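Here is start_13.tsv, consisting of TSV, C-alpha atoms:
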chain	number	residue	atom	x	y	z
A	582	MET	CA	298.23	-16.48	-92.54
A	583	PRO	CA	299.81	-15.61	-89.18
A	584	ALA	CA	302.63	-17.89	-88.06
A	585	PRO	CA	301.39	-20.44	-85.49
A	586	GLU	CA	302.66	-20.68	-81.95
A	587	THR	CA	305.76	-22.87	-81.68
A	588	PRO	CA	307.88	-23.90	-78.67
A	589	LYS	CA	310.14	-21.19	-77.27
A	590	LEU	CA	313.69	-21.35	-78.54
A	591	THR	CA	316.73	-21.33	-76.27
A	592	VAL	CA	320.44	-22.03	-76.44
A	593	ASP	CA	322.66	-23.68	-73.85
A	594	ILE	CA	326.43	-23.66	-73.94
A	595	ILE	CA	328.91	-26.20	-72.61
A	596	ILE	CA	331.96	-24.01	-72.08
A	597	GLU	CA	335.33	-25.75	-71.83
A	598	LEU	CA	338.09	-23.72	-70.18
A	599	THR	CA	340.99	-24.65	-72.42
A	600	ASP	CA	343.70	-23.03	-70.31
A	601	GLN	CA	342.89	-24.98	-67.14
A	602	PRO	CA	344.11	-28.48	-66.26
A	603	GLY	CA	341.64	-31.20	-67.23
A	604	ARG	CA	339.68	-28.81	-69.44
A	605	PRO	CA	336.85	-28.20	-66.96
A	606	ILE	CA	333.41	-26.84	-67.83
A	607	LEU	CA	331.20	-24.20	-66.27
A	608	LEU	CA	327.85	-24.59	-64.54
A	609	ILE	CA	325.60	-22.04	-62.86
A	610	GLU	CA	323.64	-22.71	-59.69
A	611	ARG	CA	319.97	-21.92	-60.26
A	612	LYS	CA	317.28	-21.14	-57.71
A	613	ASN	CA	314.09	-21.94	-59.63
A	614	PRO	CA	313.93	-24.65	-60.69
A	615	TYR	CA	316.79	-25.51	-58.33
A	616	GLY	CA	319.90	-27.16	-59.64
A	617	TRP	CA	323.14	-26.70	-61.53
A	618	ALA	CA	322.59	-25.71	-65.13
A	619	LEU	CA	324.47	-24.85	-68.27
A	620	PRO	CA	324.75	-21.16	-69.14
A	621	GLY	CA	322.06	-20.27	-71.67
A	622	GLY	CA	318.87	-18.41	-72.36
A	623	PHE	CA	316.22	-17.41	-74.86
A	624	VAL	CA	317.05	-16.63	-78.48
A	625	ASP	CA	316.05	-13.14	-79.60
A	626	VAL	CA	314.11	-12.56	-82.80
A	627	GLY	CA	316.70	-11.19	-85.25
A	628	GLU	CA	319.76	-13.11	-84.06
A	629	SER	CA	321.10	-16.47	-85.17
A	630	LEU	CA	321.40	-19.36	-82.72
A	631	GLU	CA	325.15	-18.99	-82.81
A	632	GLN	CA	324.95	-15.27	-82.01
A	633	ALA	CA	322.55	-16.03	-79.16
A	634	ALA	CA	324.95	-18.61	-77.73
A	635	VAL	CA	327.92	-16.23	-77.84
A	636	ARG	CA	325.81	-13.41	-76.35
A	637	GLU	CA	324.39	-15.54	-73.53
A	638	ALA	CA	327.84	-16.83	-72.59
A	639	ALA	CA	329.21	-13.30	-72.45
A	640	GLU	CA	326.23	-12.13	-70.38
A	641	GLU	CA	326.33	-14.99	-67.90
A	642	ILE	CA	330.01	-15.65	-67.34
A	643	SER	CA	331.67	-12.51	-68.75
A	644	LEU	CA	333.96	-14.41	-71.13
A	645	PRO	CA	334.10	-14.47	-74.93
A	646	VAL	CA	333.57	-17.98	-76.28
A	647	THR	CA	334.19	-19.71	-79.58
A	648	LEU	CA	331.56	-22.25	-80.55
A	649	ILE	CA	332.99	-25.58	-81.67
A	650	VAL	CA	330.10	-27.89	-82.48
A	651	LEU	CA	326.33	-28.28	-82.14
A	652	LEU	CA	325.94	-31.13	-79.65
A	653	GLY	CA	322.24	-31.51	-80.44
A	654	CYS	CA	318.75	-30.12	-80.03
A	655	TYR	CA	316.78	-31.00	-76.91
A	656	SER	CA	313.05	-30.71	-77.37
A	657	SER	CA	311.04	-33.03	-75.13
A	658	PRO	CA	307.89	-31.12	-74.16
A	659	ASP	CA	308.47	-31.84	-70.45
A	660	ARG	CA	312.11	-30.75	-70.27
A	661	ASP	CA	311.22	-27.43	-68.61
A	662	PRO	CA	308.38	-27.46	-66.06
A	663	ARG	CA	307.50	-23.85	-66.93
A	664	GLY	CA	306.59	-24.54	-70.54
A	665	HIS	CA	307.80	-26.15	-73.76
A	666	THR	CA	311.23	-24.90	-74.76
A	667	VAL	CA	313.61	-26.32	-77.35
A	668	SER	CA	317.30	-25.85	-76.77
A	669	ALA	CA	320.14	-25.92	-79.27
A	670	VAL	CA	323.18	-26.96	-77.25
A	671	TYR	CA	326.67	-25.91	-78.32
A	672	ILE	CA	330.10	-26.95	-77.12
A	673	ALA	CA	332.36	-23.91	-76.88
A	674	GLU	CA	335.85	-22.98	-75.78
A	675	ALA	CA	336.98	-20.08	-73.64
A	676	ASN	CA	339.96	-19.08	-71.58
A	677	GLY	CA	340.48	-16.69	-68.74
A	678	GLU	CA	338.68	-16.24	-65.47
A	679	PRO	CA	334.88	-16.65	-65.57
A	680	CYS	CA	332.90	-14.17	-63.54
A	681	ALA	CA	329.16	-14.27	-62.88
A	682	ALA	CA	327.63	-11.18	-64.44
A	683	ASP	CA	324.83	-11.32	-61.89
A	684	ASP	CA	326.20	-11.04	-58.34
A	685	ALA	CA	323.55	-13.45	-57.07
A	686	ALA	CA	324.61	-16.18	-59.46
A	687	ASN	CA	327.08	-18.83	-58.46
A	688	VAL	CA	329.28	-19.88	-61.38
A	689	GLN	CA	331.51	-22.85	-60.71
A	690	ILE	CA	334.13	-24.86	-62.54
A	691	PHE	CA	333.68	-28.63	-62.74
A	692	LEU	CA	335.86	-31.38	-64.09
A	693	PRO	CA	333.90	-33.80	-66.27
A	694	GLU	CA	334.58	-36.60	-63.78
A	695	THR	CA	333.08	-34.68	-60.87
A	696	LEU	CA	329.90	-33.07	-62.13
A	697	PRO	CA	327.32	-32.24	-59.45
A	698	GLY	CA	324.38	-34.59	-58.96
A	699	MET	CA	321.65	-31.99	-58.81
A	700	LEU	CA	321.23	-30.80	-62.39
A	701	ALA	CA	318.28	-28.67	-63.52
A	702	PHE	CA	315.98	-29.36	-66.47
A	703	ASP	CA	317.32	-32.14	-68.76
A	704	HIS	CA	320.90	-31.01	-68.28
A	705	ALA	CA	321.90	-34.41	-66.85
A	706	LEU	CA	320.91	-35.92	-70.21
A	707	ILE	CA	322.71	-33.19	-72.13
A	708	LEU	CA	325.86	-33.68	-70.07
A	709	THR	CA	325.73	-37.45	-70.57
A	710	ASP	CA	325.67	-36.83	-74.32
A	711	TYR	CA	328.50	-34.35	-73.90
A	712	LEU	CA	330.69	-36.78	-71.96
A	713	ASN	CA	330.07	-39.38	-74.63
A	714	TYR	CA	331.10	-36.89	-77.32
A	715	ARG	CA	334.14	-35.83	-75.33
A	716	GLN	CA	335.29	-39.45	-74.98
A	717	ASN	CA	334.40	-40.83	-78.39
A	718	ASN	CA	334.10	-37.76	-80.62
A	719	LYS	CA	330.67	-39.02	-81.68
A	720	LEU	CA	327.32	-37.27	-81.44
A	721	THR	CA	324.48	-39.15	-79.77
A	722	PRO	CA	322.03	-40.79	-82.21
A	723	LEU	CA	318.57	-39.22	-82.51
A	724	ARG	CA	315.88	-39.99	-79.97
A	725	ASN	CA	312.16	-39.29	-79.66
A	726	GLN	CA	311.01	-40.19	-83.13
A	727	ASP	CA	307.93	-42.04	-81.85
B	201	MET	CA	307.92	-13.60	-65.83
B	202	PRO	CA	306.28	-14.47	-69.16
B	203	ALA	CA	308.52	-16.18	-71.71
B	204	PRO	CA	309.84	-13.67	-74.27
B	205	GLU	CA	309.11	-13.86	-77.98
B	206	THR	CA	311.62	-16.08	-79.80
B	207	PRO	CA	311.97	-17.00	-83.48
B	208	LYS	CA	309.39	-19.46	-84.80
B	209	LEU	CA	310.60	-23.04	-84.85
B	210	THR	CA	310.38	-25.28	-87.92
B	211	VAL	CA	311.77	-28.58	-89.16
B	212	ASP	CA	312.84	-29.51	-92.67
B	213	ILE	CA	313.54	-33.03	-93.82
B	214	ILE	CA	315.90	-34.30	-96.51
B	215	ILE	CA	314.24	-37.59	-97.42
B	216	GLU	CA	316.37	-40.17	-99.20
B	217	LEU	CA	314.45	-42.85	-101.08
B	218	THR	CA	316.57	-45.86	-100.25
B	219	ASP	CA	314.85	-48.27	-102.64
B	220	GLN	CA	315.47	-46.17	-105.74
B	221	PRO	CA	318.66	-46.12	-107.85
B	222	GLY	CA	321.05	-43.34	-106.87
B	223	ARG	CA	319.21	-42.75	-103.57
B	224	PRO	CA	317.32	-39.65	-104.76
B	225	ILE	CA	315.73	-37.05	-102.50
B	226	LEU	CA	312.36	-35.32	-102.52
B	227	LEU	CA	311.55	-31.67	-103.07
B	228	ILE	CA	308.23	-29.84	-103.20
B	229	GLU	CA	307.46	-27.02	-105.62
B	230	ARG	CA	306.26	-23.97	-103.70
B	231	LYS	CA	304.22	-21.04	-104.92
B	232	ASN	CA	305.02	-18.36	-102.31
B	233	PRO	CA	307.85	-17.72	-102.02
B	234	TYR	CA	308.39	-19.55	-105.33
B	235	GLY	CA	310.91	-22.34	-105.58
B	236	TRP	CA	311.66	-25.96	-104.82
B	237	ALA	CA	311.84	-26.64	-101.11
B	238	LEU	CA	312.41	-29.43	-98.64
B	239	PRO	CA	309.33	-30.91	-96.99
B	240	GLY	CA	308.84	-29.31	-93.58
B	241	GLY	CA	306.77	-27.04	-91.42
B	242	PHE	CA	306.20	-25.50	-88.01
B	243	VAL	CA	306.81	-27.43	-84.80
B	244	ASP	CA	303.75	-27.73	-82.55
B	245	VAL	CA	303.93	-26.93	-78.86
B	246	GLY	CA	303.94	-30.33	-77.14
B	247	GLU	CA	305.88	-32.34	-79.71
B	248	SER	CA	309.61	-32.95	-80.01
B	249	LEU	CA	311.53	-31.79	-83.07
B	250	GLU	CA	311.89	-35.41	-84.14
B	251	GLN	CA	308.15	-36.03	-83.83
B	252	ALA	CA	307.48	-32.86	-85.83
B	253	ALA	CA	309.83	-34.00	-88.60
B	254	VAL	CA	308.19	-37.44	-88.84
B	255	ARG	CA	304.70	-35.86	-88.79
B	256	GLU	CA	305.50	-33.24	-91.43
B	257	ALA	CA	307.01	-35.84	-93.75
B	258	ALA	CA	303.92	-38.03	-93.41
B	259	GLU	CA	301.64	-35.05	-94.01
B	260	GLU	CA	303.48	-33.72	-97.04
B	261	ILE	CA	304.58	-36.83	-98.93
B	262	SER	CA	302.44	-39.58	-97.38
B	263	LEU	CA	305.40	-41.80	-96.46
B	264	PRO	CA	306.71	-42.90	-93.07
B	265	VAL	CA	310.32	-41.80	-92.57
B	266	THR	CA	313.13	-42.75	-90.23
B	267	LEU	CA	315.33	-39.88	-89.13
B	268	ILE	CA	319.05	-40.59	-89.45
B	269	VAL	CA	320.92	-37.48	-88.37
B	270	LEU	CA	320.50	-33.81	-87.54
B	271	LEU	CA	322.24	-32.01	-90.41
B	272	GLY	CA	322.17	-28.70	-88.57
B	273	CYS	CA	320.13	-25.73	-87.43
B	274	TYR	CA	319.58	-22.85	-89.84
B	275	SER	CA	318.79	-19.60	-88.12
B	276	SER	CA	319.85	-16.52	-90.10
B	277	PRO	CA	317.18	-13.88	-89.45
B	278	ASP	CA	316.74	-13.24	-93.19
B	279	ARG	CA	316.31	-16.87	-94.29
B	280	ASP	CA	312.53	-16.53	-94.64
B	281	PRO	CA	311.22	-13.22	-96.02
B	282	ARG	CA	308.01	-13.61	-94.01
B	283	GLY	CA	309.66	-13.52	-90.60
B	284	HIS	CA	312.42	-15.04	-88.49
B	285	THR	CA	312.21	-18.82	-88.41
B	286	VAL	CA	314.81	-21.30	-87.18
B	287	SER	CA	314.84	-24.71	-88.81
B	288	ALA	CA	316.25	-27.96	-87.49
B	289	VAL	CA	317.09	-29.98	-90.60
B	290	TYR	CA	317.10	-33.78	-90.50
B	291	ILE	CA	318.29	-36.36	-92.99
B	292	ALA	CA	315.80	-39.22	-93.17
B	293	GLU	CA	315.20	-42.42	-95.05
B	294	ALA	CA	312.01	-43.71	-96.65
B	295	ASN	CA	310.95	-46.21	-99.23
B	296	GLY	CA	307.88	-46.60	-101.36
B	297	GLU	CA	306.07	-44.20	-103.62
B	298	PRO	CA	305.80	-40.61	-102.39
B	299	CYS	CA	302.48	-38.91	-102.95
B	300	ALA	CA	301.67	-35.26	-102.35
B	301	ALA	CA	299.05	-35.09	-99.63
B	302	ASP	CA	297.82	-31.79	-101.03
B	303	ASP	CA	296.63	-32.19	-104.64
B	304	ALA	CA	297.96	-28.76	-105.53
B	305	ALA	CA	301.49	-29.63	-104.44
B	306	ASN	CA	304.07	-30.94	-106.85
B	307	VAL	CA	306.40	-33.45	-105.20
B	308	GLN	CA	309.32	-34.54	-107.32
B	309	ILE	CA	312.27	-36.89	-107.01
B	310	PHE	CA	315.75	-35.49	-107.67
B	311	LEU	CA	319.14	-37.13	-107.85
B	312	PRO	CA	321.75	-35.20	-105.86
B	313	GLU	CA	323.63	-34.43	-109.08
B	314	THR	CA	320.63	-32.81	-110.74
B	315	LEU	CA	318.97	-30.64	-108.12
B	316	PRO	CA	316.86	-27.78	-109.49
B	317	GLY	CA	318.38	-24.29	-109.58
B	318	MET	CA	315.41	-22.43	-108.15
B	319	LEU	CA	315.41	-23.28	-104.45
B	320	ALA	CA	313.27	-21.43	-101.89
B	321	PHE	CA	314.48	-19.86	-98.62
B	322	ASP	CA	318.04	-20.93	-97.73
B	323	HIS	CA	317.49	-24.44	-99.04
B	324	ALA	CA	320.34	-24.09	-101.55
B	325	LEU	CA	322.68	-23.62	-98.58
B	326	ILE	CA	321.10	-26.52	-96.71
B	327	LEU	CA	321.44	-28.78	-99.74
B	328	THR	CA	325.08	-27.76	-100.22
B	329	ASP	CA	325.73	-28.84	-96.64
B	330	TYR	CA	323.79	-32.04	-97.30
B	331	LEU	CA	325.80	-32.90	-100.41
B	332	ASN	CA	328.99	-32.31	-98.46
B	333	TYR	CA	327.75	-34.64	-95.71
B	334	ARG	CA	326.66	-37.24	-98.25
B	335	GLN	CA	330.11	-37.23	-99.88
B	336	ASN	CA	332.35	-36.91	-96.85
B	337	ASN	CA	330.20	-38.03	-93.93
B	338	LYS	CA	331.09	-34.77	-92.17
B	339	LEU	CA	328.79	-32.08	-90.83
B	340	THR	CA	329.47	-28.51	-91.90
B	341	PRO	CA	331.34	-26.43	-89.30
B	342	LEU	CA	329.34	-23.73	-87.48
B	343	ARG	CA	328.75	-20.38	-89.11
B	344	ASN	CA	327.34	-17.01	-87.98
B	345	GLN	CA	329.13	-16.60	-84.66
B	346	ASP	CA	329.87	-12.90	-85.28

Spell out the structure here as structure tokens.
Amino acid sequence: MPAPETPKLTVDIIIELTDQPGRPILLIERKNPYGWALPGGFVDVGESLEQAAVREAAEEISLPVTLIVLLGCYSSPDRDPRGHTVSAVYIAEANGEPCAADDAANVQIFLPETLPGMLAFDHALILTDYLNYRQNNKLTPLRNQD
Amino acid sequence: MPAPETPKLTVDIIIELTDQPGRPILLIERKNPYGWALPGGFVDVGESLEQAAVREAAEEISLPVTLIVLLGCYSSPDRDPRGHTVSAVYIAEANGEPCAADDAANVQIFLPETLPGMLAFDHALILTDYLNYRQNNKLTPLRNQD
């Protein structure tokens, strides 16, 4: 029996710069759909989620990262207007100077208190869960069971 | 740009029977590959992971479940000999009498101290992480970053 079609699998990474005051995080300005977004991308067949997260971070911001914790999985069918994707979101640490691998991309450093308003996809939700974890050290309870 | 191929997405559910002494869990005896396995299956396009977990539990053991926590994501490329699948594994609660929806399937109740030796896929690893969580209320740190 051939395996059925399932949602596409992605990873997103919340990268904390541990050597900068206030431990800021990194966001990338996207064109389509427009908005600030976490670094991330599709998981390749043959790599683990963790390997995909480390690879995507290196590709997008040119820094090695260490994954700390799985913040959660985000899977609402309408989270990406282009099609159903499920994202495993990791919190990671890095230090050094981030640099957009793609010249066209705008990578910026944000303190948790001053995140931009215009966030792509469901990244506002993800970052709300992240801020809650950062403050209370607790993961957000499960949603979407109904 | 068409979305690239990614690993197939599944859910597995560790179902605790809260109305039975010792809070046992449920496993299903599989034929191919042979072994005892957690209830679970492929995620459909258009449903969240949580919806898929609740649906699969209902389909496989004929009991409604409430998801409690995401134990983790298991994504090693070799975890299923038939192809690369990534599983989001939930701990859930149910009560009542489980009943295999498929007559051919053998659903059995196991106390955590007496799990069967012959476990399919990477479910021995998953259940080790589960037992650790059950004892210490702590999720297993991330693996597979290299």

*asked:* If we count only C-alpha atoms and set the cut-off at 12 Å, which residues sit around B:Arg255, ignoring sequence neighbours fewer than 6 positions away in its own chain? Please answer as a VMD selection string.
replied: (chain A and resid 726 to 727) or (chain B and resid 211 to 213 239 to 244 247 to 249 261 to 267)

Please dump the current selection as a PDB file, in the frame of the given file; keep C-alpha atoms.
ATOM      1  CA  GLN A 726     311.010 -40.190 -83.130  1.00  0.00           C
ATOM      2  CA  ASP A 727     307.930 -42.040 -81.850  1.00  0.00           C
TER       3      ASP A 727
ATOM      4  CA  VAL B 211     311.770 -28.580 -89.160  1.00  0.00           C
ATOM      5  CA  ASP B 212     312.840 -29.510 -92.670  1.00  0.00           C
ATOM      6  CA  ILE B 213     313.540 -33.030 -93.820  1.00  0.00           C
ATOM      7  CA  PRO B 239     309.330 -30.910 -96.990  1.00  0.00           C
ATOM      8  CA  GLY B 240     308.840 -29.310 -93.580  1.00  0.00           C
ATOM      9  CA  GLY B 241     306.770 -27.040 -91.420  1.00  0.00           C
ATOM     10  CA  PHE B 242     306.200 -25.500 -88.010  1.00  0.00           C
ATOM     11  CA  VAL B 243     306.810 -27.430 -84.800  1.00  0.00           C
ATOM     12  CA  ASP B 244     303.750 -27.730 -82.550  1.00  0.00           C
ATOM     13  CA  GLU B 247     305.880 -32.340 -79.710  1.00  0.00           C
ATOM     14  CA  SER B 248     309.610 -32.950 -80.010  1.00  0.00           C
ATOM     15  CA  LEU B 249     311.530 -31.790 -83.070  1.00  0.00           C
ATOM     16  CA  ILE B 261     304.580 -36.830 -98.930  1.00  0.00           C
ATOM     17  CA  SER B 262     302.440 -39.580 -97.380  1.00  0.00           C
ATOM     18  CA  LEU B 263     305.400 -41.800 -96.460  1.00  0.00           C
ATOM     19  CA  PRO B 264     306.710 -42.900 -93.070  1.00  0.00           C
ATOM     20  CA  VAL B 265     310.320 -41.800 -92.570  1.00  0.00           C
ATOM     21  CA  THR B 266     313.130 -42.750 -90.230  1.00  0.00           C
ATOM     22  CA  LEU B 267     315.330 -39.880 -89.130  1.00  0.00           C
TER      23      LEU B 267
END

*Contact residues around A:Gln716 with all atoms listed in the file at 12 Å, ignoring same-chain residues under 6 positions, as a list in words*: Pro693, Glu694, Thr709 and Asp710 of chain A

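Only residues having an atom at most 9 Å from (327.8, -33.1, -73.9) are included; using all atoms listed in the file, these are Ile595, Leu652, Gly653, Val670, Tyr671, Ile672, Leu706, Ile707, Leu708, Thr709, Asp710, Tyr711, Leu712, Asn713, Tyr714, Arg715 and Leu720 of chain A.
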
Please produce a file of those selected residues containing C-alpha atoms, as an mmCIF file, in the frame of the given file.
data_model
loop_
_atom_site.group_PDB
_atom_site.id
_atom_site.type_symbol
_atom_site.label_atom_id
_atom_site.label_comp_id
_atom_site.auth_asym_id
_atom_site.auth_seq_id
_atom_site.Cartn_x
_atom_site.Cartn_y
_atom_site.Cartn_z
ATOM 1 C CA ILE A 595 328.910 -26.200 -72.610
ATOM 2 C CA LEU A 652 325.940 -31.130 -79.650
ATOM 3 C CA GLY A 653 322.240 -31.510 -80.440
ATOM 4 C CA VAL A 670 323.180 -26.960 -77.250
ATOM 5 C CA TYR A 671 326.670 -25.910 -78.320
ATOM 6 C CA ILE A 672 330.100 -26.950 -77.120
ATOM 7 C CA LEU A 706 320.910 -35.920 -70.210
ATOM 8 C CA ILE A 707 322.710 -33.190 -72.130
ATOM 9 C CA LEU A 708 325.860 -33.680 -70.070
ATOM 10 C CA THR A 709 325.730 -37.450 -70.570
ATOM 11 C CA ASP A 710 325.670 -36.830 -74.320
ATOM 12 C CA TYR A 711 328.500 -34.350 -73.900
ATOM 13 C CA LEU A 712 330.690 -36.780 -71.960
ATOM 14 C CA ASN A 713 330.070 -39.380 -74.630
ATOM 15 C CA TYR A 714 331.100 -36.890 -77.320
ATOM 16 C CA ARG A 715 334.140 -35.830 -75.330
ATOM 17 C CA LEU A 720 327.320 -37.270 -81.440
#

Least-squares Cα fit of chain B to chain A, output as a short mmCIF file (atom, residue, chain, number, x, y, z; two decimals) with C-alpha atoms, in the coordinates of the input:
data_model
loop_
_atom_site.label_atom_id
_atom_site.label_comp_id
_atom_site.auth_asym_id
_atom_site.auth_seq_id
_atom_site.Cartn_x
_atom_site.Cartn_y
_atom_site.Cartn_z
CA MET B 201 298.20 -16.50 -92.50
CA PRO B 202 299.81 -15.61 -89.16
CA ALA B 203 302.64 -17.88 -88.03
CA PRO B 204 301.39 -20.44 -85.49
CA GLU B 205 302.65 -20.68 -81.93
CA THR B 206 305.76 -22.87 -81.67
CA PRO B 207 307.89 -23.90 -78.68
CA LYS B 208 310.14 -21.18 -77.27
CA LEU B 209 313.69 -21.34 -78.55
CA THR B 210 316.74 -21.32 -76.26
CA VAL B 211 320.46 -22.03 -76.45
CA ASP B 212 322.67 -23.68 -73.85
CA ILE B 213 326.43 -23.67 -73.95
CA ILE B 214 328.92 -26.21 -72.61
CA ILE B 215 331.97 -24.01 -72.09
CA GLU B 216 335.33 -25.74 -71.84
CA LEU B 217 338.09 -23.72 -70.19
CA THR B 218 340.99 -24.65 -72.42
CA ASP B 219 343.70 -23.02 -70.30
CA GLN B 220 342.88 -24.97 -67.15
CA PRO B 221 344.10 -28.49 -66.27
CA GLY B 222 341.63 -31.20 -67.23
CA ARG B 223 339.67 -28.80 -69.47
CA PRO B 224 336.85 -28.20 -66.96
CA ILE B 225 333.41 -26.85 -67.82
CA LEU B 226 331.20 -24.20 -66.25
CA LEU B 227 327.86 -24.58 -64.54
CA ILE B 228 325.60 -22.04 -62.86
CA GLU B 229 323.65 -22.72 -59.68
CA ARG B 230 319.97 -21.94 -60.24
CA LYS B 231 317.29 -21.16 -57.70
CA ASN B 232 314.09 -21.95 -59.64
CA PRO B 233 313.91 -24.67 -60.67
CA TYR B 234 316.79 -25.53 -58.32
CA GLY B 235 319.92 -27.18 -59.64
CA TRP B 236 323.16 -26.69 -61.51
CA ALA B 237 322.60 -25.71 -65.12
CA LEU B 238 324.48 -24.85 -68.27
CA PRO B 239 324.75 -21.16 -69.14
CA GLY B 240 322.06 -20.26 -71.66
CA GLY B 241 318.87 -18.40 -72.35
CA PHE B 242 316.22 -17.41 -74.86
CA VAL B 243 317.06 -16.62 -78.48
CA ASP B 244 316.05 -13.12 -79.59
CA VAL B 245 314.13 -12.55 -82.80
CA GLY B 246 316.72 -11.19 -85.24
CA GLU B 247 319.77 -13.11 -84.06
CA SER B 248 321.11 -16.48 -85.18
CA LEU B 249 321.39 -19.36 -82.73
CA GLU B 250 325.16 -18.99 -82.81
CA GLN B 251 324.96 -15.27 -82.02
CA ALA B 252 322.56 -16.03 -79.17
CA ALA B 253 324.95 -18.62 -77.72
CA VAL B 254 327.92 -16.22 -77.85
CA ARG B 255 325.81 -13.40 -76.34
CA GLU B 256 324.39 -15.54 -73.53
CA ALA B 257 327.84 -16.83 -72.59
CA ALA B 258 329.20 -13.29 -72.45
CA GLU B 259 326.23 -12.14 -70.38
CA GLU B 260 326.32 -14.99 -67.89
CA ILE B 261 330.02 -15.65 -67.34
CA SER B 262 331.68 -12.52 -68.75
CA LEU B 263 333.97 -14.42 -71.14
CA PRO B 264 334.11 -14.46 -74.93
CA VAL B 265 333.57 -17.98 -76.29
CA THR B 266 334.19 -19.72 -79.58
CA LEU B 267 331.56 -22.25 -80.57
CA ILE B 268 333.00 -25.59 -81.68
CA VAL B 269 330.09 -27.89 -82.48
CA LEU B 270 326.34 -28.28 -82.14
CA LEU B 271 325.93 -31.13 -79.64
CA GLY B 272 322.25 -31.49 -80.44
CA CYS B 273 318.75 -30.11 -80.03
CA TYR B 274 316.77 -31.00 -76.92
CA SER B 275 313.05 -30.71 -77.38
CA SER B 276 311.04 -33.04 -75.14
CA PRO B 277 307.90 -31.12 -74.17
CA ASP B 278 308.45 -31.85 -70.46
CA ARG B 279 312.10 -30.75 -70.26
CA ASP B 280 311.22 -27.43 -68.61
CA PRO B 281 308.37 -27.47 -66.07
CA ARG B 282 307.50 -23.87 -66.94
CA GLY B 283 306.59 -24.54 -70.56
CA HIS B 284 307.80 -26.14 -73.77
CA THR B 285 311.24 -24.90 -74.75
CA VAL B 286 313.60 -26.32 -77.37
CA SER B 287 317.31 -25.84 -76.78
CA ALA B 288 320.14 -25.92 -79.28
CA VAL B 289 323.19 -26.96 -77.25
CA TYR B 290 326.68 -25.91 -78.33
CA ILE B 291 330.10 -26.95 -77.12
CA ALA B 292 332.36 -23.91 -76.88
CA GLU B 293 335.84 -22.97 -75.80
CA ALA B 294 336.99 -20.08 -73.63
CA ASN B 295 339.96 -19.09 -71.59
CA GLY B 296 340.47 -16.68 -68.74
CA GLU B 297 338.67 -16.24 -65.47
CA PRO B 298 334.88 -16.65 -65.57
CA CYS B 299 332.89 -14.18 -63.53
CA ALA B 300 329.17 -14.26 -62.87
CA ALA B 301 327.64 -11.18 -64.43
CA ASP B 302 324.82 -11.30 -61.91
CA ASP B 303 326.17 -11.02 -58.34
CA ALA B 304 323.52 -13.41 -57.08
CA ALA B 305 324.60 -16.17 -59.46
CA ASN B 306 327.07 -18.83 -58.46
CA VAL B 307 329.28 -19.88 -61.37
CA GLN B 308 331.51 -22.84 -60.69
CA ILE B 309 334.12 -24.85 -62.55
CA PHE B 310 333.67 -28.63 -62.73
CA LEU B 311 335.86 -31.37 -64.11
CA PRO B 312 333.88 -33.80 -66.27
CA GLU B 313 334.56 -36.59 -63.77
CA THR B 314 333.07 -34.68 -60.85
CA LEU B 315 329.90 -33.05 -62.13
CA PRO B 316 327.32 -32.22 -59.45
CA GLY B 317 324.38 -34.60 -58.97
CA MET B 318 321.65 -31.99 -58.81
CA LEU B 319 321.23 -30.80 -62.39
CA ALA B 320 318.28 -28.66 -63.53
CA PHE B 321 315.97 -29.36 -66.50
CA ASP B 322 317.31 -32.14 -68.75
CA HIS B 323 320.90 -31.01 -68.29
CA ALA B 324 321.91 -34.40 -66.85
CA LEU B 325 320.92 -35.93 -70.20
CA ILE B 326 322.71 -33.19 -72.13
CA LEU B 327 325.86 -33.68 -70.07
CA THR B 328 325.73 -37.45 -70.57
CA ASP B 329 325.67 -36.84 -74.31
CA TYR B 330 328.50 -34.34 -73.90
CA LEU B 331 330.69 -36.77 -71.96
CA ASN B 332 330.07 -39.39 -74.63
CA TYR B 333 331.10 -36.89 -77.32
CA ARG B 334 334.15 -35.83 -75.33
CA GLN B 335 335.30 -39.45 -74.98
CA ASN B 336 334.41 -40.83 -78.39
CA ASN B 337 334.10 -37.78 -80.62
CA LYS B 338 330.66 -39.04 -81.67
CA LEU B 339 327.31 -37.29 -81.44
CA THR B 340 324.48 -39.17 -79.77
CA PRO B 341 322.03 -40.79 -82.21
CA LEU B 342 318.57 -39.20 -82.50
CA ARG B 343 315.89 -39.99 -79.96
CA ASN B 344 312.14 -39.30 -79.65
CA GLN B 345 310.99 -40.22 -83.15
CA ASP B 346 307.90 -42.07 -81.88
#

*atom CA of B:Ala320 to atom CA of B:Ile228, distance in Å rounded to a single decimal*: 9.9 Å

*If you count all atoms listed in the file, which residues fall within 8 Å of B:Leu217, apart from same-chain ones fewer than 5 positions away, as a ChimeraX atom specification?*
/B:223-226,293-296

Kindly export the residues of the current selection with C-alpha atoms, as a PDB file, in the frame of the given file.
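again.pdb, written as the output of this step:
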ATOM      1  CA  ARG B 223     319.210 -42.750-103.570  1.00  0.00           C
ATOM      2  CA  PRO B 224     317.320 -39.650-104.760  1.00  0.00           C
ATOM      3  CA  ILE B 225     315.730 -37.050-102.500  1.00  0.00           C
ATOM      4  CA  LEU B 226     312.360 -35.320-102.520  1.00  0.00           C
ATOM      5  CA  GLU B 293     315.200 -42.420 -95.050  1.00  0.00           C
ATOM      6  CA  ALA B 294     312.010 -43.710 -96.650  1.00  0.00           C
ATOM      7  CA  ASN B 295     310.950 -46.210 -99.230  1.00  0.00           C
ATOM      8  CA  GLY B 296     307.880 -46.600-101.360  1.00  0.00           C
TER       9      GLY B 296
END

*Residues of chain B near chain A: apply a cut-off of 9 Å, count only C-alpha atoms, and supply the list as number ranges by chain.*
B: 203-210, 242-254, 266-270, 272-278, 283-286, 288, 341-346

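If only C-alpha atoms are the atoms counted, then among A:Pro679, A:Gly698, A:Trp617, A:Arg611 the closest residue to A:Glu640 is A:Pro679.
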